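What follows is the content of work_22.pdb (PDB, C-alpha atoms).
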ATOM      1  CA  MET A  30       4.623 -30.558  -5.552
ATOM      2  CA  LEU A  31       0.944 -29.969  -4.987
ATOM      3  CA  PRO A  32      -0.603 -28.774  -8.260
ATOM      4  CA  ALA A  33      -2.752 -25.672  -7.915
ATOM      5  CA  PRO A  34      -6.194 -26.916  -6.859
ATOM      6  CA  ILE A  35      -9.198 -26.108  -9.044
ATOM      7  CA  PRO A  36     -11.961 -24.307  -7.118
ATOM      8  CA  THR A  37     -15.401 -25.912  -7.289
ATOM      9  CA  ASN A  38     -16.779 -22.704  -8.808
ATOM     10  CA  ASP A  39     -14.059 -22.475 -11.451
ATOM     11  CA  ASP A  40     -16.430 -22.194 -14.420
ATOM     12  CA  GLU A  41     -18.203 -19.272 -12.803
ATOM     13  CA  ARG A  42     -14.836 -17.785 -11.821
ATOM     14  CA  LEU A  43     -13.597 -18.041 -15.408
ATOM     15  CA  GLN A  44     -16.760 -16.335 -16.635
ATOM     16  CA  ALA A  45     -16.070 -13.468 -14.227
ATOM     17  CA  LEU A  46     -12.490 -13.259 -15.481
ATOM     18  CA  ARG A  47     -13.516 -13.220 -19.138
ATOM     19  CA  ALA A  48     -16.215 -10.635 -18.471
ATOM     20  CA  LEU A  49     -13.403  -8.222 -17.619
ATOM     21  CA  LEU A  50     -12.247  -8.405 -21.281
ATOM     22  CA  ILE A  51      -8.669  -8.102 -20.140
ATOM     23  CA  LEU A  52      -6.973 -11.405 -21.036
ATOM     24  CA  ASP A  53      -4.231 -11.035 -23.664
ATOM     25  CA  THR A  54      -4.631  -7.276 -23.867
ATOM     26  CA  PRO A  55      -1.555  -5.011 -24.074
ATOM     27  CA  PRO A  56       0.137  -3.609 -20.976
ATOM     28  CA  GLU A  57      -1.599  -0.605 -19.423
ATOM     29  CA  GLU A  58       0.017   2.155 -17.395
ATOM     30  CA  ARG A  59      -2.715   2.041 -14.737
ATOM     31  CA  PHE A  60      -1.723  -1.532 -13.812
ATOM     32  CA  ASP A  61       1.980  -1.172 -14.534
ATOM     33  CA  ARG A  62       2.306   1.615 -11.987
ATOM     34  CA  ILE A  63       0.676  -0.484  -9.276
ATOM     35  CA  VAL A  64       3.149  -3.351  -9.682
ATOM     36  CA  GLN A  65       6.069  -0.927  -9.913
ATOM     37  CA  PHE A  66       4.849   0.842  -6.777
ATOM     38  CA  ALA A  67       4.571  -2.502  -4.967
ATOM     39  CA  ALA A  68       8.029  -3.650  -6.063
ATOM     40  CA  ASP A  69       9.535  -0.346  -4.914
ATOM     41  CA  GLU A  70       7.625  -0.275  -1.630
ATOM     42  CA  PHE A  71       8.777  -3.741  -0.606
ATOM     43  CA  ASP A  72      12.190  -3.705  -2.340
ATOM     44  CA  LEU A  73      11.272  -6.840  -4.242
ATOM     45  CA  PRO A  74      12.578  -7.935  -7.637
ATOM     46  CA  ILE A  75       9.259  -9.289  -8.936
ATOM     47  CA  ALA A  76       5.685  -8.000  -8.718
ATOM     48  CA  LEU A  77       2.815  -9.184 -10.901
ATOM     49  CA  VAL A  78      -0.842  -8.803 -11.669
ATOM     50  CA  SER A  79      -1.552 -12.455 -12.414
ATOM     51  CA  LEU A  80      -4.873 -13.593 -13.864
ATOM     52  CA  VAL A  81      -5.609 -17.286 -13.477
ATOM     53  CA  ASP A  82      -7.087 -18.631 -16.705
ATOM     54  CA  ARG A  83      -8.286 -22.208 -17.312
ATOM     55  CA  ASP A  84      -4.835 -23.673 -17.941
ATOM     56  CA  ARG A  85      -2.421 -20.804 -17.358
ATOM     57  CA  GLN A  86      -1.685 -17.729 -15.296
ATOM     58  CA  TRP A  87      -1.295 -14.694 -17.506
ATOM     59  CA  PHE A  88       0.418 -11.515 -16.382
ATOM     60  CA  LYS A  89      -1.429  -8.306 -17.089
ATOM     61  CA  ALA A  90       1.328  -6.291 -15.447
ATOM     62  CA  LYS A  91       4.800  -7.385 -14.487
ATOM     63  CA  VAL A  92       8.043  -6.200 -12.994
ATOM     64  CA  GLY A  93      11.094  -8.441 -13.006
ATOM     65  CA  VAL A  94      10.002 -11.261 -15.339
ATOM     66  CA  ASP A  95      10.099 -11.556 -19.117
ATOM     67  CA  VAL A  96       7.523 -14.297 -19.636
ATOM     68  CA  CYS A  97       3.871 -13.338 -19.965
ATOM     69  CA  GLU A  98       2.392 -16.587 -18.652
ATOM     70  CA  THR A  99       3.122 -19.911 -16.961
ATOM     71  CA  GLY A 100       1.108 -23.107 -16.503
ATOM     72  CA  ARG A 101      -1.689 -22.923 -13.953
ATOM     73  CA  ASP A 102      -0.684 -26.227 -12.369
ATOM     74  CA  ILE A 103       2.673 -24.883 -11.194
ATOM     75  CA  SER A 104       1.405 -21.417 -10.325
ATOM     76  CA  PHE A 105       1.461 -20.131  -6.741
ATOM     77  CA  CYS A 106      -1.383 -17.799  -7.685
ATOM     78  CA  GLY A 107      -3.503 -20.840  -8.511
ATOM     79  CA  HIS A 108      -3.219 -21.713  -4.831
ATOM     80  CA  ALA A 109      -3.788 -18.121  -3.692
ATOM     81  CA  ILE A 110      -7.184 -17.822  -5.380
ATOM     82  CA  GLY A 111      -8.481 -20.638  -3.171
ATOM     83  CA  SER A 112      -9.009 -18.239  -0.287
ATOM     84  CA  ASN A 113      -9.733 -14.577   0.204
ATOM     85  CA  GLU A 114      -6.744 -14.269   2.539
ATOM     86  CA  VAL A 115      -3.288 -13.307   1.363
ATOM     87  CA  LEU A 116      -1.223 -16.421   0.655
ATOM     88  CA  LEU A 117       2.136 -15.962   2.356
ATOM     89  CA  VAL A 118       4.999 -18.337   1.662
ATOM     90  CA  PRO A 119       8.045 -17.093   3.587
ATOM     91  CA  ASP A 120      10.370 -19.761   2.154
ATOM     92  CA  ALA A 121       9.086 -22.001  -0.624
ATOM     93  CA  THR A 122      11.915 -24.498  -0.155
ATOM     94  CA  LEU A 123      10.502 -25.295   3.293
ATOM     95  CA  ASP A 124       6.891 -25.631   2.152
ATOM     96  CA  PRO A 125       5.910 -29.144   0.981
ATOM     97  CA  ARG A 126       3.384 -27.665  -1.447
ATOM     98  CA  PHE A 127       6.078 -25.801  -3.338
ATOM     99  CA  ALA A 128       9.552 -27.140  -2.459
ATOM    100  CA  ASP A 129       9.943 -29.093  -5.719
ATOM    101  CA  ASN A 130       7.927 -26.686  -7.849
ATOM    102  CA  PRO A 131       9.861 -25.903 -11.074
ATOM    103  CA  LEU A 132       9.488 -22.169 -10.322
ATOM    104  CA  VAL A 133      11.405 -22.843  -7.096
ATOM    105  CA  THR A 134      13.975 -25.339  -8.352
ATOM    106  CA  GLY A 135      14.513 -23.413 -11.601
ATOM    107  CA  PRO A 136      14.147 -19.831 -12.857
ATOM    108  CA  PRO A 137      13.092 -17.531 -11.302
ATOM    109  CA  PHE A 138      14.180 -19.588  -8.230
ATOM    110  CA  LEU A 139      11.270 -18.296  -6.208
ATOM    111  CA  ARG A 140      11.665 -18.396  -2.427
ATOM    112  CA  PHE A 141       9.248 -15.815  -1.001
ATOM    113  CA  TYR A 142       5.701 -15.352  -2.280
ATOM    114  CA  ALA A 143       2.848 -13.100  -1.141
ATOM    115  CA  GLY A 144      -0.321 -13.209  -3.223
ATOM    116  CA  ALA A 145      -3.400 -11.080  -2.534
ATOM    117  CA  PRO A 146      -6.451 -12.524  -4.326
ATOM    118  CA  LEU A 147      -8.430 -10.269  -6.660
ATOM    119  CA  GLU A 148     -12.083 -10.884  -5.798
ATOM    120  CA  THR A 149     -14.199  -9.111  -8.392
ATOM    121  CA  ARG A 150     -17.473 -10.662  -7.225
ATOM    122  CA  PRO A 151     -18.246 -12.453  -3.961
ATOM    123  CA  GLY A 152     -16.394 -15.771  -3.980
ATOM    124  CA  LEU A 153     -14.946 -15.247  -7.457
ATOM    125  CA  ARG A 154     -11.212 -14.569  -7.379
ATOM    126  CA  VAL A 155      -9.817 -13.985 -10.849
ATOM    127  CA  GLY A 156      -6.138 -13.703  -9.974
ATOM    128  CA  THR A 157      -3.719 -12.008  -7.617
ATOM    129  CA  LEU A 158      -1.507  -9.066  -6.994
ATOM    130  CA  CYS A 159       1.604 -10.973  -6.054
ATOM    131  CA  LEU A 160       5.076 -10.223  -4.789
ATOM    132  CA  ILE A 161       8.041 -12.530  -5.234
ATOM    133  CA  ASP A 162      11.582 -12.638  -3.927
ATOM    134  CA  THR A 163      14.441 -14.977  -4.642
ATOM    135  CA  ARG A 164      15.339 -14.883  -0.944
ATOM    136  CA  PRO A 165      13.263 -15.921   2.048
ATOM    137  CA  ARG A 166      11.653 -13.077   3.944
ATOM    138  CA  THR A 167       8.845 -12.226   6.305
ATOM    139  CA  PHE A 168       5.922  -9.829   6.204
ATOM    140  CA  ASP A 169       4.652  -7.916   9.216
ATOM    141  CA  ALA A 170       1.114  -6.637   9.810
ATOM    142  CA  MET A 171       1.815  -3.305   8.171
ATOM    143  CA  ASP A 172       3.329  -4.974   5.088
ATOM    144  CA  LEU A 173       0.209  -7.093   4.798
ATOM    145  CA  ALA A 174      -2.054  -4.078   5.159
ATOM    146  CA  ILE A 175      -0.131  -2.224   2.452
ATOM    147  CA  LEU A 176      -0.357  -5.183   0.069
ATOM    148  CA  GLN A 177      -4.080  -5.591   0.775
ATOM    149  CA  SER A 178      -4.710  -1.906   0.178
ATOM    150  CA  LEU A 179      -2.843  -2.009  -3.132
ATOM    151  CA  ARG A 180      -4.920  -5.083  -4.014
ATOM    152  CA  ASP A 181      -8.132  -3.211  -3.163
ATOM    153  CA  LEU A 182      -7.100  -0.298  -5.365
ATOM    154  CA  LEU A 183      -6.258  -2.733  -8.162
ATOM    155  CA  VAL A 184      -9.646  -4.443  -7.919
ATOM    156  CA  GLY A 185     -11.269  -1.007  -8.051
ATOM    157  CA  GLU A 186      -9.318  -0.260 -11.204
ATOM    158  CA  LEU A 187     -10.318  -3.615 -12.759
ATOM    159  CA  LEU A 188     -13.991  -2.981 -12.101
ATOM    160  CA  GLU A 189     -14.053   0.729 -12.694
ATOM    161  CA  PRO A 190     -11.248   1.921 -14.975
ATOM    162  CA  GLY A 191      -9.971   5.350 -13.995
ATOM    163  CA  SER A 192     -10.890   5.025 -10.334
ATOM    164  CA  LEU A 193      -7.275   5.716  -9.370
ATOM    165  CA  ARG A 194      -6.883   8.926 -11.326
TER
ATOM    166  CA  MET B  24       9.974 -15.844  40.335
ATOM    167  CA  ASN B  25      12.987 -14.483  38.522
ATOM    168  CA  ALA B  26      13.392 -10.822  39.414
ATOM    169  CA  ASP B  27      14.317 -10.007  35.814
ATOM    170  CA  VAL B  28      11.056 -11.301  34.453
ATOM    171  CA  ARG B  29       8.450  -8.599  34.279
ATOM    172  CA  PRO B  30       4.923  -8.877  33.008
ATOM    173  CA  ALA B  31       4.725  -7.994  29.333
ATOM    174  CA  ALA B  32       3.465  -4.489  28.742
ATOM    175  CA  ALA B  33      -0.099  -4.397  27.526
ATOM    176  CA  PRO B  34      -0.301  -3.636  23.803
ATOM    177  CA  PRO B  35      -1.372  -0.069  23.065
ATOM    178  CA  ARG B  36      -5.121   0.263  22.905
ATOM    179  CA  PRO B  37      -6.281   1.144  19.396
ATOM    180  CA  PRO B  38      -8.090   4.474  19.341
ATOM    181  CA  SER B  39     -11.851   4.308  19.282
ATOM    182  CA  PRO B  40     -13.494   5.998  16.289
ATOM    183  CA  LYS B  41     -14.402   8.833  18.664
ATOM    184  CA  ASP B  42     -10.826   9.650  19.617
ATOM    185  CA  ARG B  43      -9.174   8.655  16.369
ATOM    186  CA  LYS B  44      -7.218  11.622  15.081
ATOM    187  CA  SER B  45      -7.949  13.227  11.767
ATOM    188  CA  LEU B  46      -5.002  14.087   9.527
ATOM    189  CA  LEU B  47      -4.868  15.832   6.180
ATOM    190  CA  LEU B  48      -2.559  14.294   3.570
ATOM    191  CA  VAL B  49      -1.714  16.512   0.622
ATOM    192  CA  ASP B  50       0.107  14.834  -2.252
ATOM    193  CA  PRO B  51      -0.381  14.840  -6.019
ATOM    194  CA  GLN B  52       0.258  11.080  -6.411
ATOM    195  CA  SER B  53      -3.073   9.304  -6.107
ATOM    196  CA  LEU B  54      -1.708   5.776  -5.682
ATOM    197  CA  PHE B  55       0.539   6.844  -2.810
ATOM    198  CA  ARG B  56      -2.189   8.932  -1.192
ATOM    199  CA  ARG B  57      -4.893   6.300  -1.460
ATOM    200  CA  THR B  58      -2.637   3.537  -0.161
ATOM    201  CA  VAL B  59      -1.612   5.558   2.893
ATOM    202  CA  ALA B  60      -5.234   6.488   3.628
ATOM    203  CA  LEU B  61      -6.503   2.911   3.259
ATOM    204  CA  VAL B  62      -3.804   1.362   5.432
ATOM    205  CA  ALA B  63      -4.165   4.034   8.121
ATOM    206  CA  ARG B  64      -7.879   3.281   8.235
ATOM    207  CA  ASP B  65      -7.452  -0.503   8.186
ATOM    208  CA  LEU B  66      -4.891  -0.435  10.990
ATOM    209  CA  ASP B  67      -6.931   2.137  12.907
ATOM    210  CA  LEU B  68      -3.982   4.528  13.034
ATOM    211  CA  ALA B  69      -5.841   7.690  12.071
ATOM    212  CA  TYR B  70      -8.552   9.025   9.837
ATOM    213  CA  ILE B  71      -6.907  10.449   6.723
ATOM    214  CA  ARG B  72      -8.514  13.053   4.508
ATOM    215  CA  GLU B  73      -6.823  13.412   1.143
ATOM    216  CA  ALA B  74      -6.123  16.359  -1.107
ATOM    217  CA  SER B  75      -4.296  16.233  -4.420
ATOM    218  CA  SER B  76      -3.436  19.944  -4.509
ATOM    219  CA  HIS B  77      -2.841  22.908  -2.250
ATOM    220  CA  ASP B  78      -6.082  24.499  -3.437
ATOM    221  CA  ALA B  79      -8.069  21.415  -2.475
ATOM    222  CA  ALA B  80      -6.218  21.269   0.850
ATOM    223  CA  SER B  81      -6.993  24.906   1.537
ATOM    224  CA  ARG B  82     -10.705  24.266   1.036
ATOM    225  CA  LEU B  83     -10.622  21.262   3.371
ATOM    226  CA  LEU B  84      -8.771  23.285   6.000
ATOM    227  CA  ASP B  85     -11.484  25.921   5.768
ATOM    228  CA  GLU B  86     -14.210  23.334   6.255
ATOM    229  CA  HIS B  87     -12.808  20.889   8.824
ATOM    230  CA  PRO B  88     -10.519  20.902  11.838
ATOM    231  CA  PHE B  89      -7.552  18.528  11.607
ATOM    232  CA  ASP B  90      -5.126  17.167  14.165
ATOM    233  CA  GLY B  91      -2.151  17.111  11.810
ATOM    234  CA  LEU B  92      -1.021  17.957   8.292
ATOM    235  CA  LEU B  93       1.280  16.066   5.921
ATOM    236  CA  LEU B  94       2.015  18.405   3.077
ATOM    237  CA  ASP B  95       3.884  17.965  -0.195
ATOM    238  CA  ILE B  96       5.792  21.185  -0.920
ATOM    239  CA  GLU B  97       6.726  20.605  -4.541
ATOM    240  CA  ASP B  98       5.358  24.110  -5.038
ATOM    241  CA  THR B  99       7.276  25.750  -2.208
ATOM    242  CA  LEU B 100       5.549  29.148  -2.176
ATOM    243  CA  SER B 101       2.062  27.723  -2.276
ATOM    244  CA  GLY B 102       3.041  25.230   0.438
ATOM    245  CA  TYR B 103       4.431  28.035   2.551
ATOM    246  CA  SER B 104       1.222  29.982   2.166
ATOM    247  CA  LEU B 105      -0.796  26.991   3.348
ATOM    248  CA  VAL B 106       1.439  26.437   6.386
ATOM    249  CA  GLN B 107       1.252  30.127   7.166
ATOM    250  CA  ARG B 108      -2.564  30.016   7.090
ATOM    251  CA  VAL B 109      -2.518  27.230   9.657
ATOM    252  CA  ARG B 110       0.041  28.901  11.898
ATOM    253  CA  THR B 111      -1.806  32.227  11.932
ATOM    254  CA  GLY B 112      -5.066  30.549  12.922
ATOM    255  CA  ALA B 113      -6.754  31.218   9.600
ATOM    256  CA  THR B 114      -8.120  27.665   9.361
ATOM    257  CA  ARG B 115     -10.427  25.611  11.577
ATOM    258  CA  SER B 116      -7.476  23.628  12.955
ATOM    259  CA  ASP B 117      -5.395  24.368  16.022
ATOM    260  CA  GLN B 118      -2.688  26.724  14.804
ATOM    261  CA  ALA B 119      -0.088  24.660  16.690
ATOM    262  CA  MET B 120      -1.073  21.352  15.062
ATOM    263  CA  PRO B 121       1.834  19.154  13.951
ATOM    264  CA  ILE B 122       2.905  19.699  10.346
ATOM    265  CA  VAL B 123       5.159  17.355   8.383
ATOM    266  CA  LEU B 124       6.442  18.442   4.976
ATOM    267  CA  THR B 125       7.356  16.121   2.118
ATOM    268  CA  ALA B 126       9.563  17.143  -0.788
ATOM    269  CA  ALA B 127      11.489  15.654  -3.680
ATOM    270  CA  SER B 128      14.413  17.900  -2.775
ATOM    271  CA  CYS B 129      15.264  20.203   0.046
ATOM    272  CA  ASP B 130      18.181  22.566   0.410
ATOM    273  CA  ALA B 131      19.296  24.890   3.180
ATOM    274  CA  SER B 132      17.208  27.747   1.814
ATOM    275  CA  THR B 133      14.023  25.654   1.931
ATOM    276  CA  ILE B 134      14.768  24.658   5.516
ATOM    277  CA  ALA B 135      15.434  28.278   6.442
ATOM    278  CA  PHE B 136      12.215  29.273   4.678
ATOM    279  CA  PHE B 137      10.071  26.893   6.729
ATOM    280  CA  LYS B 138      11.968  26.995  10.012
ATOM    281  CA  PRO B 139       9.979  29.904  11.490
ATOM    282  CA  MET B 140       6.817  27.935  10.770
ATOM    283  CA  ALA B 141       7.693  25.320  13.404
ATOM    284  CA  VAL B 142       7.228  22.299  11.158
ATOM    285  CA  GLN B 143       7.943  18.978  12.860
ATOM    286  CA  ARG B 144       9.834  17.331  10.057
ATOM    287  CA  ILE B 145      10.734  17.466   6.362
ATOM    288  CA  MET B 146      10.667  14.047   4.666
ATOM    289  CA  LEU B 147      12.623  13.610   1.463
ATOM    290  CA  LYS B 148      11.081  11.613  -1.372
ATOM    291  CA  PRO B 149      11.171   8.870  -2.373
ATOM    292  CA  PHE B 150      10.099   7.238   0.839
ATOM    293  CA  LYS B 151       8.127   4.134   1.672
ATOM    294  CA  VAL B 152       4.441   4.106   2.504
ATOM    295  CA  LYS B 153       5.524   2.271   5.625
ATOM    296  CA  THR B 154       7.708   5.197   6.684
ATOM    297  CA  VAL B 155       4.837   7.636   6.257
ATOM    298  CA  LEU B 156       2.553   5.341   8.242
ATOM    299  CA  GLU B 157       5.060   5.290  11.082
ATOM    300  CA  VAL B 158       5.048   9.090  11.068
ATOM    301  CA  ILE B 159       1.243   9.101  10.997
ATOM    302  CA  SER B 160       1.193   6.670  13.882
ATOM    303  CA  ALA B 161       3.430   9.024  15.882
ATOM    304  CA  LEU B 162       1.321  12.048  14.967
ATOM    305  CA  ALA B 163      -1.870  10.237  15.925
ATOM    306  CA  ALA B 164      -0.571   9.101  19.298
ATOM    307  CA  PRO B 165      -1.772  11.092  22.328
ATOM    308  CA  GLY B 166       0.249  14.305  22.379
ATOM    309  CA  GLY B 167       1.851  13.030  19.216
ATOM    310  CA  THR B 168       4.540  14.687  17.182
ATOM    311  CA  ALA B 169       6.365  13.280  14.171
ATOM    312  CA  ALA B 170       9.010  10.754  15.132
ATOM    313  CA  PRO B 171      12.561  11.946  14.492
TER
END

Hey, can you dump this file as structure tokens for me?
Amino acid sequence: MLPAPIPTNDDERLQALRALLILDTPPEERFDRIVQFAADEFDLPIALVSLVDRDRQWFKAKVGVDVCETGRDISFCGHAIGSNEVLLVPDATLDPRFADNPLVTGPPFLRFYAGAPLETRPGLRVGTLCLIDTRPRTFDAMDLAILQSLRDLLVGELLEPGSLR
Amino acid sequence: MNADVRPAAAPPRPPSPKDRKSLLLVDPQSLFRRTVALVARDLDLAYIREASSHDAASRLLDEHPFDGLLLDIEDTLSGYSLVQRVRTGATRSDQAMPIVLTAASCDASTIAFFKPMAVQRIMLKPFKVKTVLEVISALAAPGGTAAP
């Protein structure tokens, strides 16, 4: 397993994350409905708003998982924040970065992952809107565009609460 | 050369901003509406104007011509009135423009109600954003009507 790499600008990225004053806050309907919408749209069991903190990923909104955080080192989202592109993993068991990841070999037995980075300031990606399946699958161009648009709306809501009303 | 092998058809040319069609999407759910509008723009399918209510839609129809209308008819009478305005030429749009209705439920009486209005299709909710985008893509195609 390749542990999630730490971006060179991680301190600045963490400052941007903390400036949102959102870590460890209660669930909010405005984020919950985005992950529920995404899970329904793609018929996926798991959808998350994951914020990548110094040593953990913490879930601001979640569908399909009970835990509220996991270690950053094993997180897929820790990889996804390394680029502004959507990280697509069609089958984690076939990807050397993730094949022996405990999230793949154990619960929730992740196979498919799509993570759209949440860039709140240029170059600073605080987390992801991510979709997970326990079966391999593919994403076409329209799926990607839908995920990216939901991500854009989510970033708008992070920066300007109420923008989706 | 094998006679069965034909050159691949050229992919459809995306519409230029000049000939991109303009559609009006009327739906009370902002997340659905915004997502459809953003994806349609990103994929260059069509230019989507949004309205959250029939009143807002009516104002937009008074101000701008559209090439198609996707209309939630949760409020059936108000929806009918809006469709009727289009079909009688009381808006700036072509009175024959394609109209697709969306509804949480639809019985025979609703279909009979709207049938004389020559709507292209009634889509039952819930449906996927992807399904709506496919309909938009069909509406925005040259001479487009909603796919069956």

Could you name the residues that touch Leu176 (chain A) at 12 Å or less, counting all atoms listed in the file, but leaving out those on the same chain fewer than 3 positions away, as a PDB file with C-alpha atoms, in the coordinates of the input?
ATOM      1  CA  ILE A  63       0.676  -0.484  -9.276  1.00  0.00           C
ATOM      2  CA  VAL A  64       3.149  -3.351  -9.682  1.00  0.00           C
ATOM      3  CA  PHE A  66       4.849   0.842  -6.777  1.00  0.00           C
ATOM      4  CA  ALA A  67       4.571  -2.502  -4.967  1.00  0.00           C
ATOM      5  CA  ALA A  68       8.029  -3.650  -6.063  1.00  0.00           C
ATOM      6  CA  GLU A  70       7.625  -0.275  -1.630  1.00  0.00           C
ATOM      7  CA  PHE A  71       8.777  -3.741  -0.606  1.00  0.00           C
ATOM      8  CA  ALA A  76       5.685  -8.000  -8.718  1.00  0.00           C
ATOM      9  CA  GLU A 114      -6.744 -14.269   2.539  1.00  0.00           C
ATOM     10  CA  VAL A 115      -3.288 -13.307   1.363  1.00  0.00           C
ATOM     11  CA  LEU A 116      -1.223 -16.421   0.655  1.00  0.00           C
ATOM     12  CA  LEU A 117       2.136 -15.962   2.356  1.00  0.00           C
ATOM     13  CA  ALA A 143       2.848 -13.100  -1.141  1.00  0.00           C
ATOM     14  CA  GLY A 144      -0.321 -13.209  -3.223  1.00  0.00           C
ATOM     15  CA  ALA A 145      -3.400 -11.080  -2.534  1.00  0.00           C
ATOM     16  CA  PRO A 146      -6.451 -12.524  -4.326  1.00  0.00           C
ATOM     17  CA  LEU A 147      -8.430 -10.269  -6.660  1.00  0.00           C
ATOM     18  CA  THR A 157      -3.719 -12.008  -7.617  1.00  0.00           C
ATOM     19  CA  LEU A 158      -1.507  -9.066  -6.994  1.00  0.00           C
ATOM     20  CA  CYS A 159       1.604 -10.973  -6.054  1.00  0.00           C
ATOM     21  CA  LEU A 160       5.076 -10.223  -4.789  1.00  0.00           C
ATOM     22  CA  PHE A 168       5.922  -9.829   6.204  1.00  0.00           C
ATOM     23  CA  ASP A 169       4.652  -7.916   9.216  1.00  0.00           C
ATOM     24  CA  ALA A 170       1.114  -6.637   9.810  1.00  0.00           C
ATOM     25  CA  MET A 171       1.815  -3.305   8.171  1.00  0.00           C
ATOM     26  CA  ASP A 172       3.329  -4.974   5.088  1.00  0.00           C
ATOM     27  CA  LEU A 173       0.209  -7.093   4.798  1.00  0.00           C
ATOM     28  CA  LEU A 179      -2.843  -2.009  -3.132  1.00  0.00           C
ATOM     29  CA  ARG A 180      -4.920  -5.083  -4.014  1.00  0.00           C
ATOM     30  CA  ASP A 181      -8.132  -3.211  -3.163  1.00  0.00           C
ATOM     31  CA  LEU A 182      -7.100  -0.298  -5.365  1.00  0.00           C
ATOM     32  CA  LEU A 183      -6.258  -2.733  -8.162  1.00  0.00           C
TER      33      LEU A 183
ATOM     34  CA  THR B  58      -2.637   3.537  -0.161  1.00  0.00           C
ATOM     35  CA  VAL B  59      -1.612   5.558   2.893  1.00  0.00           C
ATOM     36  CA  LEU B  61      -6.503   2.911   3.259  1.00  0.00           C
ATOM     37  CA  VAL B  62      -3.804   1.362   5.432  1.00  0.00           C
ATOM     38  CA  ASP B  65      -7.452  -0.503   8.186  1.00  0.00           C
ATOM     39  CA  VAL B 152       4.441   4.106   2.504  1.00  0.00           C
ATOM     40  CA  LYS B 153       5.524   2.271   5.625  1.00  0.00           C
TER      41      LYS B 153
END

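Interface residues on chain B toward chain A (cut-off 12 Å, all atoms listed in the file): Pro51, Gln52, Ser53, Leu54, Phe55, Arg56, Arg57, Thr58, Val59, Ala60, Leu61, Val62, Ala63, Arg64, Asp65, Leu66, Asp67, Leu68, Ser75, Pro149, Phe150, Lys151, Val152, Lys153, Thr154, Val155, Leu156, Glu157 and Ser160 of chain B.
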
Practice problem: For the structure shown, which residues end up in the PyMOL selection byres ((chain B and resi 162) around 10)? Put them as an MDAnalysis selection string, please? | Solution: chainID B and resid 44:46 68:69 90:93 120:123 143 156:161 163:170

Self-check item: Residue nearest Arg83 (chain A) among A:Leu43, A:Val133, A:Leu31, A:Val155 (counting all atoms listed in the file)
Solution: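 Checking each candidate against Arg83 (chain A), we get A:Leu43 as the closest.
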
Quiz prompt | Output of the PyMOL selection byres ((chain B and resi 95) around 7), listed as a PyMOL selection string | solution = chain B and resi 49-50+93-94+96-97+124-126

Could you extract region 80-91 of chain B of the given structure into a file holding N, CA and C atoms, as an mmCIF file, in the first residue's frame?
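Wrote it out as selection39.cif, contents follow:
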data_model
loop_
_atom_site.group_PDB
_atom_site.id
_atom_site.type_symbol
_atom_site.label_atom_id
_atom_site.label_comp_id
_atom_site.auth_asym_id
_atom_site.auth_seq_id
_atom_site.Cartn_x
_atom_site.Cartn_y
_atom_site.Cartn_z
ATOM 1 N N ALA B 80 -40.725 31.433 -13.979
ATOM 2 C CA ALA B 80 -40.635 30.941 -15.362
ATOM 3 C C ALA B 80 -41.432 31.838 -16.299
ATOM 4 N N SER B 81 -42.590 32.252 -15.846
ATOM 5 C CA SER B 81 -43.450 33.098 -16.675
ATOM 6 C C SER B 81 -42.741 34.410 -17.008
ATOM 7 N N ARG B 82 -42.061 34.964 -16.018
ATOM 8 C CA ARG B 82 -41.327 36.221 -16.256
ATOM 9 C C ARG B 82 -40.211 36.004 -17.277
ATOM 10 N N LEU B 83 -39.480 34.886 -17.112
ATOM 11 C CA LEU B 83 -38.389 34.606 -18.057
ATOM 12 C C LEU B 83 -38.929 34.399 -19.472
ATOM 13 N N LEU B 84 -40.066 33.731 -19.570
ATOM 14 C CA LEU B 84 -40.662 33.497 -20.891
ATOM 15 C C LEU B 84 -41.136 34.807 -21.531
ATOM 16 N N ASP B 85 -41.472 35.763 -20.695
ATOM 17 C CA ASP B 85 -41.857 37.078 -21.227
ATOM 18 C C ASP B 85 -40.649 37.853 -21.743
ATOM 19 N N GLU B 86 -39.488 37.570 -21.110
ATOM 20 C CA GLU B 86 -38.303 38.377 -21.413
ATOM 21 C C GLU B 86 -37.403 37.780 -22.487
ATOM 22 N N HIS B 87 -37.385 36.437 -22.587
ATOM 23 C CA HIS B 87 -36.408 35.788 -23.474
ATOM 24 C C HIS B 87 -37.073 34.723 -24.336
ATOM 25 N N PRO B 88 -36.589 34.550 -25.553
ATOM 26 C CA PRO B 88 -37.032 33.390 -26.335
ATOM 27 C C PRO B 88 -36.244 32.141 -25.917
ATOM 28 N N PHE B 89 -36.908 31.020 -25.892
ATOM 29 C CA PHE B 89 -36.240 29.746 -25.573
ATOM 30 C C PHE B 89 -36.491 28.752 -26.694
ATOM 31 N N ASP B 90 -35.620 27.743 -26.741
ATOM 32 C CA ASP B 90 -35.758 26.695 -27.752
ATOM 33 C C ASP B 90 -36.445 25.455 -27.193
ATOM 34 N N GLY B 91 -36.661 25.422 -25.888
ATOM 35 C CA GLY B 91 -37.305 24.268 -25.278
ATOM 36 C C GLY B 91 -37.621 24.551 -23.822
#
